[in-house]
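Here is entry-v5.txt, consisting of compact mmCIF, C-alpha atoms and all ligand atoms:
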# COMPACT_ATOMS: atom_id res chain seq x y z
CA MET A 1 13.28 -8.46 0.64
CA ARG A 2 14.97 -5.17 -0.14
CA ARG A 3 17.68 -6.79 -2.22
CA ILE A 4 15.19 -7.74 -4.91
CA ASN A 5 15.36 -4.30 -6.44
CA ALA A 6 19.12 -4.09 -6.28
CA GLY A 7 19.22 -5.09 -9.94
CA LEU A 8 22.20 -7.41 -9.45
CA ALA A 9 22.18 -10.88 -10.99
CA ARG A 10 18.78 -11.69 -9.58
CA PRO A 11 18.22 -15.38 -8.95
CA ARG A 12 15.66 -16.63 -11.44
CA ILE A 13 13.77 -18.60 -8.88
CA GLY A 14 10.70 -20.25 -10.28
CA SER A 15 11.57 -19.34 -13.86
CA ALA A 16 12.80 -21.63 -16.61
CA PRO A 17 12.95 -25.38 -16.04
CA THR A 18 16.06 -26.47 -14.16
CA THR A 19 17.91 -29.71 -14.57
CA SER A 20 18.12 -30.79 -10.94
CA SER A 21 17.39 -34.47 -10.49
CA ALA A 22 14.70 -33.66 -7.92
CA GLU A 23 12.73 -31.56 -10.35
CA SER A 24 13.11 -33.60 -13.50
CA GLY A 25 10.47 -36.03 -12.26
CA ILE A 26 8.01 -33.21 -11.68
CA LEU A 27 8.73 -31.45 -14.92
CA GLY A 28 8.64 -34.61 -17.00
CA ALA A 29 4.92 -34.37 -17.84
CA THR A 30 4.69 -30.59 -17.75
CA ASP A 31 2.46 -28.93 -20.34
CA TYR A 32 3.53 -25.29 -20.47
CA SER A 33 0.40 -24.24 -22.35
CA ALA A 34 -1.81 -25.52 -19.51
CA PRO A 35 -2.76 -23.44 -16.46
CA ALA A 36 -0.11 -23.57 -13.73
CA ILE A 37 -2.81 -24.65 -11.26
CA THR A 38 -6.11 -26.38 -11.97
CA PHE A 39 -8.78 -27.36 -9.47
CA ASP A 40 -11.35 -29.46 -11.25
CA ARG A 41 -14.62 -30.01 -9.33
CA VAL A 42 -12.74 -30.61 -6.11
CA ASN A 43 -14.74 -31.78 -3.08
CA VAL A 44 -13.15 -32.09 0.36
CA ALA A 45 -14.90 -33.32 3.52
CA TYR A 46 -13.58 -33.69 7.06
CA GLY A 47 -14.93 -36.31 9.48
CA ARG A 48 -17.51 -39.00 8.87
CA GLY A 49 -21.23 -39.60 9.20
CA LYS A 50 -23.20 -36.93 11.03
CA SER A 51 -20.09 -34.98 11.94
CA THR A 52 -18.96 -34.53 8.33
CA THR A 53 -17.94 -31.01 7.38
CA ARG A 54 -17.96 -30.29 3.67
CA ALA A 55 -15.04 -27.88 3.42
CA LEU A 56 -14.85 -27.58 -0.38
CA ILE A 57 -17.78 -28.13 -2.73
CA ASP A 58 -17.32 -28.45 -6.50
CA PHE A 59 -14.38 -26.10 -6.39
CA ASN A 60 -13.09 -25.05 -9.83
CA LEU A 61 -10.17 -22.68 -10.33
CA ARG A 62 -7.47 -22.10 -12.92
CA VAL A 63 -4.37 -20.02 -12.25
CA SER A 64 -2.03 -19.08 -15.11
CA PRO A 65 1.76 -19.19 -14.88
CA GLY A 66 2.93 -15.96 -13.24
CA GLU A 67 -0.55 -15.08 -12.02
CA THR A 68 -1.41 -14.32 -8.38
CA VAL A 69 -4.89 -15.29 -7.25
CA ALA A 70 -6.10 -14.40 -3.77
CA LEU A 71 -8.59 -16.69 -2.07
CA LEU A 72 -10.64 -14.31 0.02
CA GLY A 73 -13.48 -15.19 2.35
CA PRO A 74 -14.62 -15.31 5.95
CA SER A 75 -13.28 -17.72 8.54
CA GLY A 76 -14.27 -21.31 7.78
CA SER A 77 -15.15 -20.69 4.12
CA GLY A 78 -12.65 -23.30 2.88
CA LYS A 79 -9.67 -21.17 1.79
CA SER A 80 -6.98 -23.12 3.66
CA THR A 81 -8.59 -26.39 2.63
CA ALA A 82 -8.16 -25.43 -1.03
CA LEU A 83 -4.47 -24.81 -0.39
CA LYS A 84 -4.11 -28.07 1.52
CA ALA A 85 -5.75 -29.98 -1.32
CA LEU A 86 -3.23 -28.51 -3.76
CA ALA A 87 -0.24 -29.01 -1.47
CA GLY A 88 -1.30 -32.60 -0.79
CA PHE A 89 -2.02 -32.21 2.92
CA THR A 90 -5.62 -33.28 2.47
CA ARG A 91 -7.09 -35.71 -0.05
CA PRO A 92 -10.16 -34.66 -2.05
CA VAL A 93 -13.19 -36.94 -1.88
CA SER A 94 -13.62 -36.32 -5.59
CA GLY A 95 -12.26 -34.11 -8.34
CA SER A 96 -8.66 -33.50 -9.30
CA VAL A 97 -5.84 -31.00 -8.86
CA ARG A 98 -3.33 -30.45 -11.65
CA LEU A 99 -0.05 -28.60 -11.97
CA ALA A 100 0.80 -27.50 -15.52
CA GLY A 101 -1.70 -30.03 -16.80
CA ARG A 102 -0.35 -32.95 -14.78
CA ASP A 103 -2.77 -34.65 -12.40
CA ILE A 104 -1.11 -34.59 -8.97
CA THR A 105 -4.14 -35.59 -6.89
CA ASP A 106 -2.43 -38.79 -5.75
CA LEU A 107 1.13 -37.48 -5.52
CA PRO A 108 2.71 -37.18 -2.03
CA PRO A 109 3.24 -33.54 -0.92
CA ALA A 110 7.05 -33.66 -1.17
CA LYS A 111 6.86 -34.72 -4.81
CA ARG A 112 4.62 -31.86 -5.91
CA GLY A 113 7.40 -29.23 -5.99
CA ILE A 114 5.13 -26.59 -4.44
CA GLY A 115 6.43 -23.87 -2.10
CA VAL A 116 4.21 -23.38 0.94
CA VAL A 117 4.27 -20.50 3.45
CA VAL A 118 1.91 -20.55 6.43
CA GLN A 119 0.88 -17.96 9.01
CA SER A 120 2.86 -19.50 11.88
CA TYR A 121 6.22 -19.56 10.00
CA ALA A 122 6.63 -23.26 10.97
CA LEU A 123 10.42 -22.99 11.25
CA PHE A 124 12.33 -25.70 13.09
CA PRO A 125 13.34 -23.97 16.35
CA HIS A 126 16.56 -25.97 16.86
CA MET A 127 17.85 -25.36 13.33
CA ARG A 128 19.72 -22.25 12.23
CA VAL A 129 18.21 -20.10 9.48
CA SER A 130 20.38 -21.60 6.71
CA GLU A 131 19.57 -25.15 7.90
CA ASN A 132 15.87 -24.33 7.90
CA VAL A 133 16.12 -23.13 4.30
CA ALA A 134 18.23 -26.15 3.31
CA PHE A 135 15.77 -28.60 4.85
CA GLY A 136 13.31 -28.57 1.95
CA LEU A 137 16.15 -28.96 -0.53
CA ARG A 138 17.38 -32.11 1.20
CA SER A 139 13.93 -33.62 1.20
CA HIS A 140 13.74 -32.77 -2.53
CA ARG A 141 17.07 -34.58 -2.96
CA VAL A 142 18.86 -31.57 -4.40
CA PRO A 143 22.57 -32.50 -4.81
CA ARG A 144 24.65 -31.45 -1.78
CA ALA A 145 26.97 -29.30 -3.88
CA GLU A 146 24.00 -27.24 -5.02
CA ILE A 147 22.40 -26.72 -1.62
CA GLY A 148 24.71 -23.92 -0.41
CA THR A 149 24.13 -21.84 -3.54
CA ARG A 150 20.37 -22.35 -3.40
CA VAL A 151 20.21 -21.36 0.28
CA ALA A 152 22.26 -18.22 -0.39
CA GLU A 153 20.05 -17.32 -3.36
CA ALA A 154 16.84 -17.75 -1.40
CA LEU A 155 18.07 -15.76 1.61
CA GLU A 156 19.24 -13.03 -0.76
CA MET A 157 15.76 -12.88 -2.30
CA VAL A 158 14.23 -12.01 1.07
CA GLY A 159 17.06 -9.76 2.31
CA MET A 160 18.14 -12.21 5.03
CA SER A 161 21.66 -13.10 3.83
CA ALA A 162 23.23 -11.77 7.01
CA PHE A 163 21.08 -13.95 9.29
CA GLY A 164 22.00 -17.48 8.12
CA LYS A 165 23.62 -18.46 11.41
CA ARG A 166 20.83 -17.25 13.71
CA LEU A 167 18.27 -19.47 15.37
CA PRO A 168 14.58 -18.63 14.74
CA ARG A 169 14.15 -17.40 18.34
CA GLU A 170 16.83 -14.77 17.64
CA LEU A 171 14.68 -13.22 14.89
CA SER A 172 11.67 -10.89 14.88
CA GLY A 173 8.31 -12.14 13.58
CA GLY A 174 8.81 -10.41 10.24
CA GLN A 175 12.29 -11.89 9.87
CA GLN A 176 11.00 -15.37 10.69
CA GLN A 177 8.37 -15.01 8.02
CA ARG A 178 11.04 -13.92 5.51
CA VAL A 179 12.98 -17.09 6.32
CA ALA A 180 9.83 -19.16 5.85
CA ILE A 181 9.38 -17.53 2.43
CA ALA A 182 13.06 -18.21 1.58
CA ARG A 183 12.57 -21.86 2.52
CA ALA A 184 9.58 -22.09 0.18
CA LEU A 185 11.46 -20.34 -2.65
CA ALA A 186 14.63 -22.45 -2.32
CA ILE A 187 13.03 -25.37 -4.15
CA ARG A 188 12.39 -23.01 -7.09
CA PRO A 189 8.70 -23.75 -7.15
CA LYS A 190 6.53 -23.05 -10.15
CA VAL A 191 3.70 -22.64 -7.66
CA LEU A 192 3.86 -20.79 -4.36
CA LEU A 193 1.08 -21.10 -1.79
CA LEU A 194 0.81 -18.47 0.93
CA ASP A 195 -1.69 -19.07 3.73
CA GLU A 196 -2.31 -15.83 5.66
CA PRO A 197 1.45 -15.12 5.69
CA LEU A 198 1.04 -11.72 7.33
CA ALA A 199 -1.65 -12.56 9.89
CA ALA A 200 0.76 -13.04 12.81
CA LEU A 201 2.48 -9.69 12.26
CA ASP A 202 1.51 -6.34 13.79
CA ALA A 203 -0.26 -3.78 11.60
CA GLN A 204 2.82 -1.70 10.77
CA LEU A 205 4.98 -4.68 9.89
CA ARG A 206 2.15 -6.12 7.83
CA GLN A 207 2.18 -2.98 5.67
CA SER A 208 5.92 -3.16 4.99
CA MET A 209 5.80 -6.93 4.35
CA LEU A 210 2.93 -6.35 1.93
CA ALA A 211 5.14 -4.00 -0.09
CA GLU A 212 7.93 -6.59 0.01
CA LEU A 213 5.59 -9.33 -1.19
CA GLN A 214 4.67 -7.08 -4.12
CA GLN A 215 8.37 -6.81 -4.98
CA LEU A 216 8.78 -10.55 -4.61
CA ARG A 217 5.90 -11.12 -6.98
CA ALA A 218 7.54 -8.86 -9.56
CA ALA A 219 10.81 -10.78 -9.12
CA LEU A 220 9.08 -14.10 -9.82
CA PRO A 221 7.30 -13.41 -13.11
CA ASP A 222 6.73 -17.08 -13.94
CA THR A 223 5.61 -18.31 -10.54
CA ALA A 224 1.89 -18.83 -9.97
CA MET A 225 0.81 -17.78 -6.50
CA LEU A 226 -2.27 -18.69 -4.52
CA TYR A 227 -2.63 -16.34 -1.59
CA VAL A 228 -5.12 -17.07 1.18
CA THR A 229 -6.38 -14.15 3.22
CA HIS A 230 -9.48 -12.82 4.92
CA ASP A 231 -8.07 -9.29 4.63
CA GLN A 232 -9.43 -7.54 1.57
CA SER A 233 -6.65 -4.94 1.49
CA GLU A 234 -4.02 -7.70 1.09
CA ALA A 235 -6.05 -9.25 -1.71
CA LEU A 236 -6.47 -5.91 -3.49
CA ALA A 237 -2.77 -5.07 -3.13
CA LEU A 238 -1.37 -8.38 -4.35
CA ALA A 239 -3.79 -10.27 -6.53
CA ASP A 240 -4.29 -10.21 -10.28
CA ARG A 241 -7.60 -11.90 -9.60
CA ILE A 242 -9.59 -12.47 -6.44
CA ALA A 243 -11.62 -15.60 -5.80
CA VAL A 244 -14.27 -14.92 -3.16
CA MET A 245 -15.27 -17.95 -1.09
CA ARG A 246 -18.26 -18.57 1.10
CA ASP A 247 -19.47 -21.76 2.81
CA ALA A 248 -17.02 -24.06 0.96
CA ARG A 249 -17.88 -22.64 -2.44
CA LEU A 250 -16.31 -20.17 -4.80
CA VAL A 251 -18.91 -17.42 -5.22
CA ASP A 252 -17.21 -14.85 -7.46
CA ILE A 253 -13.93 -14.58 -9.32
CA ASP A 254 -12.61 -11.68 -11.36
CA THR A 255 -9.87 -9.07 -11.41
CA ALA A 256 -9.55 -7.14 -8.18
CA GLU A 257 -10.66 -3.99 -10.01
CA ASN A 258 -13.79 -5.53 -11.50
CA LEU A 259 -14.85 -7.10 -8.22
CA TRP A 260 -14.32 -3.82 -6.43
CA LYS A 261 -16.00 -1.60 -9.01
CA ARG A 262 -18.78 -3.95 -10.12
CA PRO A 263 -19.29 -6.66 -7.54
CA PRO A 264 -21.52 -9.38 -9.01
CA SER A 265 -23.11 -10.31 -5.67
CA SER A 266 -24.13 -8.59 -2.46
CA PHE A 267 -21.81 -10.91 -0.51
CA THR A 268 -18.76 -9.83 -2.50
CA ALA A 269 -19.85 -6.18 -2.37
CA ALA A 270 -20.05 -6.28 1.41
CA PHE A 271 -16.97 -8.44 1.96
CA LEU A 272 -14.73 -6.50 -0.41
CA GLY A 273 -14.61 -3.00 0.95
CA GLY A 274 -17.62 -2.84 3.24
CA ALA A 275 -20.00 -1.35 0.69
CA ASN A 276 -23.41 0.10 1.58
CA LEU A 277 -26.17 -2.07 0.17
CA LEU A 278 -29.25 0.06 -0.21
CA PRO A 279 -32.63 -1.50 -1.11
CA CYS A 280 -33.89 -0.20 -4.46
CA THR A 281 -36.46 -1.02 -7.11
CA VAL A 282 -35.35 -1.80 -10.65
CA THR A 283 -36.86 0.46 -13.30
CA ARG A 284 -34.92 -1.00 -16.22
CA VAL A 285 -31.57 -2.57 -17.04
CA ILE A 286 -30.03 -2.39 -20.50
CA GLY A 287 -26.65 -4.12 -20.78
CA THR A 288 -24.55 -2.64 -18.01
CA SER A 289 -26.69 0.47 -17.48
CA ALA A 290 -29.42 0.51 -14.90
CA LEU A 291 -32.11 2.93 -13.81
CA VAL A 292 -33.45 2.27 -10.34
CA SER A 293 -35.59 3.99 -7.77
CA VAL A 294 -34.42 4.60 -4.21
CA GLY A 295 -37.40 5.54 -2.08
CA GLY A 296 -39.07 7.09 -5.13
CA THR A 297 -35.99 9.02 -6.35
CA PRO A 298 -34.55 7.88 -9.71
CA VAL A 299 -30.88 6.90 -9.62
CA THR A 300 -28.67 5.73 -12.49
CA ALA A 301 -26.30 2.88 -11.78
CA HIS A 302 -24.03 0.30 -13.36
CA ALA A 303 -25.35 -3.22 -13.72
CA PRO A 304 -22.86 -6.13 -13.51
CA ARG A 305 -21.60 -7.56 -16.78
CA PRO A 306 -24.23 -10.08 -17.92
CA ASP A 307 -21.55 -12.76 -18.53
CA ILE A 308 -20.43 -12.55 -14.88
CA SER A 309 -23.79 -12.16 -13.18
CA PRO A 310 -26.52 -13.45 -15.48
CA THR A 311 -29.32 -12.04 -13.33
CA GLU A 312 -32.83 -11.53 -14.68
CA TRP A 313 -33.52 -7.90 -13.82
CA GLU A 314 -37.30 -7.60 -13.94
CA SER A 315 -38.92 -4.18 -13.78
CA ASP A 316 -40.27 -3.36 -10.30
CA ALA A 317 -38.17 -6.16 -8.75
CA GLY A 318 -36.35 -5.39 -5.52
CA ALA A 319 -32.54 -5.29 -5.72
CA LEU A 320 -29.64 -3.64 -3.93
CA LEU A 321 -27.58 -0.62 -4.79
CA CYS A 322 -23.90 -0.98 -3.88
CA LEU A 323 -22.37 2.32 -2.79
CA ARG A 324 -18.87 2.79 -1.39
CA PRO A 325 -18.78 5.11 1.65
CA HIS A 326 -16.16 7.41 0.07
CA ALA A 327 -18.14 7.84 -3.15
CA ILE A 328 -21.29 9.33 -1.60
CA THR A 329 -21.58 13.12 -1.32
CA LEU A 330 -23.47 15.06 1.29
CA THR A 331 -25.18 18.30 0.27
CA ALA A 332 -27.62 20.79 1.75
CA PRO A 333 -30.88 18.95 2.63
CA THR A 334 -32.87 21.01 0.15
CA GLU A 335 -30.60 20.51 -2.86
CA ARG A 336 -32.49 19.38 -5.95
CA GLY A 337 -32.18 15.67 -6.72
CA ALA A 338 -30.58 14.85 -3.38
CA LEU A 339 -32.25 12.38 -1.03
CA PRO A 340 -33.04 14.00 2.31
CA GLY A 341 -31.65 12.34 5.42
CA ARG A 342 -30.29 12.88 8.91
CA VAL A 343 -26.91 12.18 10.47
CA THR A 344 -27.31 9.58 13.23
CA ALA A 345 -23.66 9.10 14.24
CA SER A 346 -20.23 10.45 13.44
CA VAL A 347 -16.78 8.96 14.05
CA TRP A 348 -13.64 10.96 13.30
CA ARG A 349 -10.90 8.69 11.88
CA GLY A 350 -8.11 11.19 11.35
CA SER A 351 -8.02 11.96 7.61
CA THR A 352 -11.75 11.19 7.22
CA THR A 353 -14.94 11.21 9.26
CA ARG A 354 -17.38 8.29 8.96
CA LEU A 355 -20.96 9.60 9.18
CA THR A 356 -23.98 7.34 9.50
CA VAL A 357 -27.00 8.76 7.69
CA ALA A 358 -30.64 7.63 7.84
CA LEU A 359 -32.55 8.43 4.63
CA ALA A 360 -36.02 9.93 5.13
CA ALA A 361 -37.44 7.61 2.45
CA LEU A 362 -35.76 4.46 3.86
CA PRO A 363 -35.35 5.02 7.59
CA ASP A 364 -34.26 1.43 8.24
CA ALA A 365 -31.38 1.55 5.78
CA LEU A 366 -28.42 3.33 7.34
CA LEU A 367 -25.78 4.66 4.97
CA GLU A 368 -22.11 4.90 5.90
CA VAL A 369 -20.56 8.00 4.33
CA ASP A 370 -16.88 9.01 4.46
CA VAL A 371 -16.12 12.71 4.25
CA THR A 372 -12.67 14.23 4.16
CA GLY A 373 -11.24 15.79 7.32
CA HIS A 374 -12.82 16.28 10.72
CA ASP A 375 -16.55 16.72 10.11
CA GLU A 376 -18.30 18.10 13.16
CA ARG A 377 -21.95 17.76 12.09
CA PRO A 378 -23.71 16.44 15.19
CA ALA A 379 -26.28 13.63 15.22
CA GLY A 380 -29.64 14.95 14.06
CA THR A 381 -28.21 17.30 11.39
CA ALA A 382 -30.35 17.34 8.24
CA VAL A 383 -28.38 16.54 5.06
CA GLY A 384 -28.96 15.75 1.40
CA VAL A 385 -27.41 12.59 -0.05
CA ARG A 386 -26.13 12.32 -3.62
CA PHE A 387 -24.94 9.16 -5.27
CA PRO A 388 -22.06 9.23 -7.72
CA ASP A 389 -22.90 9.13 -11.42
CA GLN A 390 -20.56 6.23 -12.15
CA GLY A 391 -20.09 4.72 -8.71
CA ALA A 392 -23.46 3.14 -7.85
CA VAL A 393 -23.70 -0.51 -8.86
CA LEU A 394 -26.78 -2.69 -8.97
CA VAL A 395 -26.36 -6.08 -7.29
CA PRO A 396 -28.89 -8.87 -6.88
CA ALA A 397 -30.56 -9.12 -3.50
CA PRO A 398 -29.71 -12.37 -1.67
CA GLY A 399 -31.92 -15.11 -3.05
CA GLN A 400 -32.76 -13.11 -6.18
CA THR A 401 -32.93 -15.52 -9.08
CA SER A 402 -30.05 -15.51 -11.48
N1 LIG B 501 -8.89 -31.03 10.16
C1 LIG B 501 -10.16 -30.67 10.19
N2 LIG B 501 -11.11 -31.47 10.73
C2 LIG B 501 -12.41 -31.13 10.73
N3 LIG B 501 -12.89 -29.99 10.20
C3 LIG B 501 -11.99 -29.14 9.65
C4 LIG B 501 -10.59 -29.44 9.63
N4 LIG B 501 -9.97 -28.41 9.01
C5 LIG B 501 -10.93 -27.52 8.67
N5 LIG B 501 -12.15 -27.94 9.06
C6 LIG B 501 -13.44 -27.27 8.82
O1 LIG B 501 -13.56 -27.07 7.43
C7 LIG B 501 -14.12 -25.79 7.15
C8 LIG B 501 -13.17 -24.98 6.27
O2 LIG B 501 -11.99 -24.74 7.02
P1 LIG B 501 -10.76 -23.92 6.42
O3 LIG B 501 -9.66 -23.95 7.41
O4 LIG B 501 -10.48 -24.38 5.05
O5 LIG B 501 -11.40 -22.44 6.34
P2 LIG B 501 -10.70 -21.05 6.12
O6 LIG B 501 -11.54 -20.31 5.15
O7 LIG B 501 -9.26 -21.25 5.74
O8 LIG B 501 -10.81 -20.41 7.57
P3 LIG B 501 -9.79 -19.45 8.38
O9 LIG B 501 -9.80 -18.13 7.66
O10 LIG B 501 -10.43 -19.37 9.74
O11 LIG B 501 -8.45 -20.13 8.39
C9 LIG B 501 -14.40 -25.15 8.51
O12 LIG B 501 -15.74 -25.39 8.84
C10 LIG B 501 -13.49 -25.90 9.46
O13 LIG B 501 -14.01 -25.94 10.75

Kindly return the structure encoded in the file as structure tokens.
Amino acid sequence: MRRINAGLARPRIGSAPTTSSAESGILGATDYSAPAITFDRVNVAYGRGKSTTRALIDFNLRVSPGETVALLGPSGSGKSTALKALAGFTRPVSGSVRLAGRDITDLPPAKRGIGVVVQSYALFPHMRVSENVAFGLRSHRVPRAEIGTRVAEALEMVGMSAFGKRLPRELSGGQQQRVAIARALAIRPKVLLLDEPLAALDAQLRQSMLAELQQLRAALPDTAMLYVTHDQSEALALADRIAVMRDARLVDIDTAENLWKRPPSSFTAAFLGGANLLPCTVTRVIGTSALVSVGGTPVTAHAPRPDISPTEWESDAGALLCLRPHAITLTAPTERGALPGRVTASVWRGSTTRLTVALAALPDALLEVDVTGHDERPAGTAVGVRFPDQGAVLVPAPGQTS
């Protein structure tokens, strides 16, 4: 997708309404003031009777035009099911899905005008690259005369113009995924769904494709994207907002920055960035400022915004303190105000060393601490632990009433 930044007459894929006959039906009832995507109390179940799996429970989500929302969650949490419900590959038991205000719950997939990219590329092996890209256009009944231009535009968007005559087996994994993206973009979708598009690629290629997806996003300022991943770094890199899913439900949704800095739940804190969750006792919470006690030592912390996590923080109640491994500092064990502890393990990771520290006051709670460089403190070394002034965040313990 290098060509995107070339600055030459960039195809305005997914931008203003076009006049193609295929799209006029879709755009006919479009309300441009409405969210690009709406899930309204969507429930999806697979199977029947005792073997029913509820894959989506009362799922609500709104995505604005031009916005990218990542659906993030562990395997089986319902992320792909949400995409399938929107794309029309699975029918909700109840609730509705809308595109730009129009209810599409009963519309066949091909009539929804949604671009879909999946992990496995799903290219037709016997068709050349340009035929693969043209396929969706034919099924959308785009006039023949327009197909060549659209295919060229889409391949240009993903930097694959020179590969139109190749067969999929003559391409690398990354190139195949670019073609799959071109095929999705060729129909000029207002909504693009990406289901783990980088999961089949090796780590290095994933990094470069991630940067290319960021460029693609910038080149499609009006296209709403729903991006399914279980990789938090992809979600942080690409999403305007992250919707965290667990057990078929949406548990938290906010900007990537807010969820990272002030996770409203222990699940999101742990899933997004592997935070330490240290048991603490609430002393008092006023607005977004908290004073807590960790093993008898007072610690100041942020509390989540009350509108996002309306938890009742009662004095002396047990809660959790969310601490990112890189934000904790180790000091001399005797330093004033520091919690005494001992290193129990140490793993050098190149630019940082991950130390595991047991606090004297809470020996069961092991803290992961990242220090810069190659730290050679052996297991058993006595240390002091300091929490950052602004970086500790109070989160409700699982089951804590909210
Ligand atoms: N076709 C199906 N028939 C029966 N159960 C299904 C089907 N598809 C998904 N499920 C079940 O629905 C639940 C949600 O699955 P889904 O694929 O949406 O999860 P996911 O979050 O996308 O997981 P992953 O990250 O592993 O792809 C899981 O329990 C899964 O086993």

Test item: axis-aligned box, all listed atoms of ligand LIG 501 (chain B), 8 Å on each side, centre and edges in Å rounded to one decimal, as lines of an AutoDock Vina configuration file:
center_x = -12.1
center_y = -24.8
center_z = 7.9
size_x = 23.3
size_y = 29.3
size_z = 21.7

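Using all atoms listed in the file, the shortest contact distance between A:Ala34 and any of A:Ala290, A:Leu394, A:Leu99, A:Leu355 is found at A:Leu99.
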
Self-check item: Best match for closeness to A:Ala122 among A:Gly384, A:Gly49, A:Pro197, A:Gly101, counting only C-alpha atoms
Solution: A:Pro197

Quiz prompt | Within 9 Å of ligand LIG 501 (chain B), counting only C-alpha atoms and all ligand atoms, residues as a ChimeraX atom specification | solution = /A:44-47,51-56,71-84,90,195-196,228-230,245-248

Exercise. Grab the atom CA of A:Val117 to atom CA of A:Trp260 distance for me, in Å with one decimal place.
Key: 26.9 Å

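The shortest atom-to-atom distance to A:Ala303, with all atoms listed in the file taken into account, belongs to A:Val395 out of A:Leu236, A:Val395, A:Leu359, A:Ile242.
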
Practice problem: Choose the residue, out of A:Ala397, A:Ala392, A:Leu250, A:Ala317, that has the smallest atom-to-atom separation from A:Thr288; count all atoms listed in the file. | Solution: A:Ala392
